Amino acid sequence: MKKPCMLLIAVTLACLALATSRVAAAEPFFFVQMSDPQMGMFSDNRDFAQDAANFEFAVAAVNRLRPAFLVITGDLVNRSGDAAQIAEYRRIVAKVDASIPVYSLAGNHDVGNMPTPATIEAFTKIFGPDHFVFRHQGLVGIVLDSSVIHTPQQATGN
C-alpha cells in the first residue's frame with residue numbers, strides 16, 4: 001500500500017477508536033414517553049376524575065423508575081383552552097420529581113385539528129414552546145408540533 005492510503009487507514013482507525021471510547025464512556029440511561037393524559041376524555045368533558053387517576057398512577061411509576069427525563073407527547077387536555085383541565089394537568093405533572101425534566105408536547109386536542117396562531121400562542125403561554133430541541137448526554141431530542149405539520153394551512157396566519 002502507498003503511504004497516503006496507510007495514513008488514511010490509520011487516521012480512520014484512530015477516529016473510530018476515539019468515537020468508541022466516547023460512546024463507551026457515556027453513562028447508560030433510559031427515558032419514559034407517555035401520551036394522552038387528556039384530562040376530560042373519559043367523561044366527554046363532564047369531569048376528569050378517571051383521567052386524573054390514570055395520570056397520577058403513571059406519574060407515580062415515573063417517580064419510582066427515575067428516568068433521565070419524561071416526554072409527554074400531546075393531548076395534555078381533551079378540550080383546548082379548558083382552564084380546569086389545564087389546571088388539573090399542571091397539578092399532576094408538578095408531582096413528577098423535580099430532578100426529572102419533563103417535556104410536554106402539543107397535540108391536536110391542545111392546539112386544535114386546524115391550529116392557528118392564536119391556538120399555538122395559547123398553548124405556548126401555558127406549556128412552553130410547541131417546538132424545541134433538548135439534549136441529554138449524546139441524545140438530541142427534536143420536538144415538533146405534529147398538528148402544525150399535519151395541517152399547516154392556518155398555522156402561520158397567512
# chains A, B, ... in the order shown; residues from 1 in each chain; ligands from 1
call {"tool": "residues_around", "arguments": {"residues": "Leu139 (chain A)", "least_positions_apart": "4", "cutoff": "12 Å", "atoms": "only C-alpha atoms", "output": "CSV table (one decimal) with N, CA, C and O atoms, in the first residue's frame"}}
result
chain,number,residue,atom,x,y,z
A,23,VAL,N,-18.3,6.8,23.2
A,23,VAL,CA,-19.6,6.1,23.4
A,23,VAL,C,-19.5,5.2,24.7
A,23,VAL,O,-20.5,5.2,25.5
A,26,ALA,N,-20.0,7.1,28.0
A,26,ALA,CA,-21.3,7.7,28.3
A,26,ALA,C,-22.0,6.7,29.2
A,26,ALA,O,-22.0,5.5,29.1
A,27,GLU,N,-22.7,7.3,30.2
A,27,GLU,CA,-23.5,6.5,31.2
A,27,GLU,C,-24.8,6.1,30.5
A,27,GLU,O,-25.4,6.9,29.8
A,28,PRO,N,-25.1,4.8,30.6
A,28,PRO,CA,-26.4,4.4,30.0
A,28,PRO,C,-27.6,5.1,30.7
A,28,PRO,O,-27.5,5.5,31.9
A,29,PHE,N,-28.6,5.4,30.0
A,29,PHE,CA,-29.8,6.0,30.6
A,29,PHE,C,-31.0,5.5,29.8
A,29,PHE,O,-31.0,4.9,28.8
A,30,PHE,N,-32.2,5.8,30.4
A,30,PHE,CA,-33.5,5.5,29.8
A,30,PHE,C,-34.4,6.7,30.1
A,30,PHE,O,-34.1,7.5,31.0
A,31,PHE,N,-35.4,6.8,29.2
A,31,PHE,CA,-36.4,7.8,29.5
A,31,PHE,C,-37.8,7.2,29.3
A,31,PHE,O,-37.9,6.1,28.9
A,68,ALA,N,-34.2,9.4,33.1
A,68,ALA,CA,-33.4,10.6,32.8
A,68,ALA,C,-34.3,11.8,32.5
A,68,ALA,O,-34.0,12.9,32.9
A,69,PHE,N,-35.4,11.5,31.8
A,69,PHE,CA,-36.4,12.6,31.5
A,69,PHE,C,-37.7,11.9,31.1
A,69,PHE,O,-37.7,10.7,30.9
A,133,VAL,N,-35.6,22.0,20.9
A,133,VAL,CA,-34.6,20.9,20.9
A,133,VAL,C,-34.1,20.8,22.4
A,133,VAL,O,-34.0,21.8,23.1
A,134,PHE,N,-33.9,19.5,22.8
A,134,PHE,CA,-33.3,19.3,24.1
A,134,PHE,C,-32.2,18.3,24.0
A,134,PHE,O,-32.2,17.5,23.0
A,135,ARG,N,-31.3,18.3,24.9
A,135,ARG,CA,-30.2,17.3,24.8
A,135,ARG,C,-30.0,16.6,26.2
A,135,ARG,O,-30.3,17.2,27.2
call {"tool": "residues_around", "arguments": {"residues": "Ser99 (chain A)", "least_positions_apart": "4", "cutoff": "12 Å", "atoms": "only C-alpha atoms", "output": "JSON, numbers by chain"}}
result
{"A": [62, 63, 66, 67, 68, 69, 70, 94, 95]}
call {"tool": "closest_residue", "arguments": {"among": "A:Arg64, A:Met34, A:Val71, A:Asn108", "to": "Ile142 (chain A)", "atoms": "only C-alpha atoms"}}
result
A:Val71
call {"tool": "residues_around", "arguments": {"residues": "Ala52 (chain A)", "least_positions_apart": "3", "cutoff": "12 Å", "atoms": "only C-alpha atoms", "output": "list in words"}}
result
Asp36, Pro37, Gln38, Met39, Gly40, Met41, Phe42, Ser43, Asp47, Phe48, Ala49, Phe55, Glu56, Phe57, Ala58, Val59, Leu76, Val77, Ala84, Gln85, Ile86, Ala87, Glu88, Tyr89, Arg90, Arg91, Ile92 and Val93 of chain A
call {"tool": "write_last_selection", "arguments": {"atoms": "C-alpha atoms", "output": "PDB file, in the first residue's frame"}}
result
ATOM      1  CA  ASP A  36     -52.624  11.492  26.015  1.00  0.00           C
ATOM      2  CA  PRO A  37     -53.207  12.256  29.687  1.00  0.00           C
ATOM      3  CA  GLN A  38     -56.129  14.088  28.047  1.00  0.00           C
ATOM      4  CA  MET A  39     -57.969  15.417  31.097  1.00  0.00           C
ATOM      5  CA  GLY A  40     -61.699  15.104  30.337  1.00  0.00           C
ATOM      6  CA  MET A  41     -61.591  12.371  27.703  1.00  0.00           C
ATOM      7  CA  PHE A  42     -63.167   9.517  29.696  1.00  0.00           C
ATOM      8  CA  SER A  43     -66.277  11.515  30.606  1.00  0.00           C
ATOM      9  CA  ASP A  47     -65.161  15.762  34.638  1.00  0.00           C
ATOM     10  CA  PHE A  48     -61.655  14.336  34.667  1.00  0.00           C
ATOM     11  CA  ALA A  49     -61.641  12.007  37.658  1.00  0.00           C
ATOM     12  CA  PHE A  55     -52.196  10.176  35.063  1.00  0.00           C
ATOM     13  CA  GLU A  56     -51.351  10.177  38.784  1.00  0.00           C
ATOM     14  CA  PHE A  57     -50.696   6.425  38.578  1.00  0.00           C
ATOM     15  CA  ALA A  58     -48.367   6.985  35.603  1.00  0.00           C
ATOM     16  CA  VAL A  59     -46.543   9.844  37.383  1.00  0.00           C
ATOM     17  CA  LEU A  76     -52.481  17.048  27.601  1.00  0.00           C
ATOM     18  CA  VAL A  77     -56.142  18.096  27.818  1.00  0.00           C
ATOM     19  CA  ALA A  84     -59.980  23.329  34.690  1.00  0.00           C
ATOM     20  CA  GLN A  85     -58.445  20.601  32.520  1.00  0.00           C
ATOM     21  CA  ILE A  86     -55.245  22.622  32.121  1.00  0.00           C
ATOM     22  CA  ALA A  87     -55.037  23.224  35.878  1.00  0.00           C
ATOM     23  CA  GLU A  88     -55.517  19.504  36.582  1.00  0.00           C
ATOM     24  CA  TYR A  89     -52.806  18.532  34.091  1.00  0.00           C
ATOM     25  CA  ARG A  90     -50.412  21.063  35.628  1.00  0.00           C
ATOM     26  CA  ARG A  91     -51.265  19.947  39.184  1.00  0.00           C
ATOM     27  CA  ILE A  92     -50.464  16.330  38.404  1.00  0.00           C
ATOM     28  CA  VAL A  93     -47.392  16.884  36.225  1.00  0.00           C
TER      29      VAL A  93
END
call {"tool": "select_by_dssp", "arguments": {"residues": "region 21-96 of chain A", "states": "strand (DSSP E)", "output": "list in words"}}
result
Val32, Gln33, Met34, Leu70, Val71, Ile72 and Thr73 of chain A
call {"tool": "closest_residue", "arguments": {"among": "A:Ala118, A:Asp97, A:Asp75, A:Val102", "to": "Ser146 (chain A)", "atoms": "only C-alpha atoms"}}
result
A:Asp75
call {"tool": "select_by_dssp", "arguments": {"residues": "region 34-65 of chain A", "states": "helix (DSSP H, G or I)", "output": "list in words"}}
result
Ala49, Gln50, Asp51, Ala52, Ala53, Asn54, Phe55, Glu56, Phe57, Ala58, Val59, Ala60, Ala61, Val62, Asn63, Arg64 and Leu65 of chain A
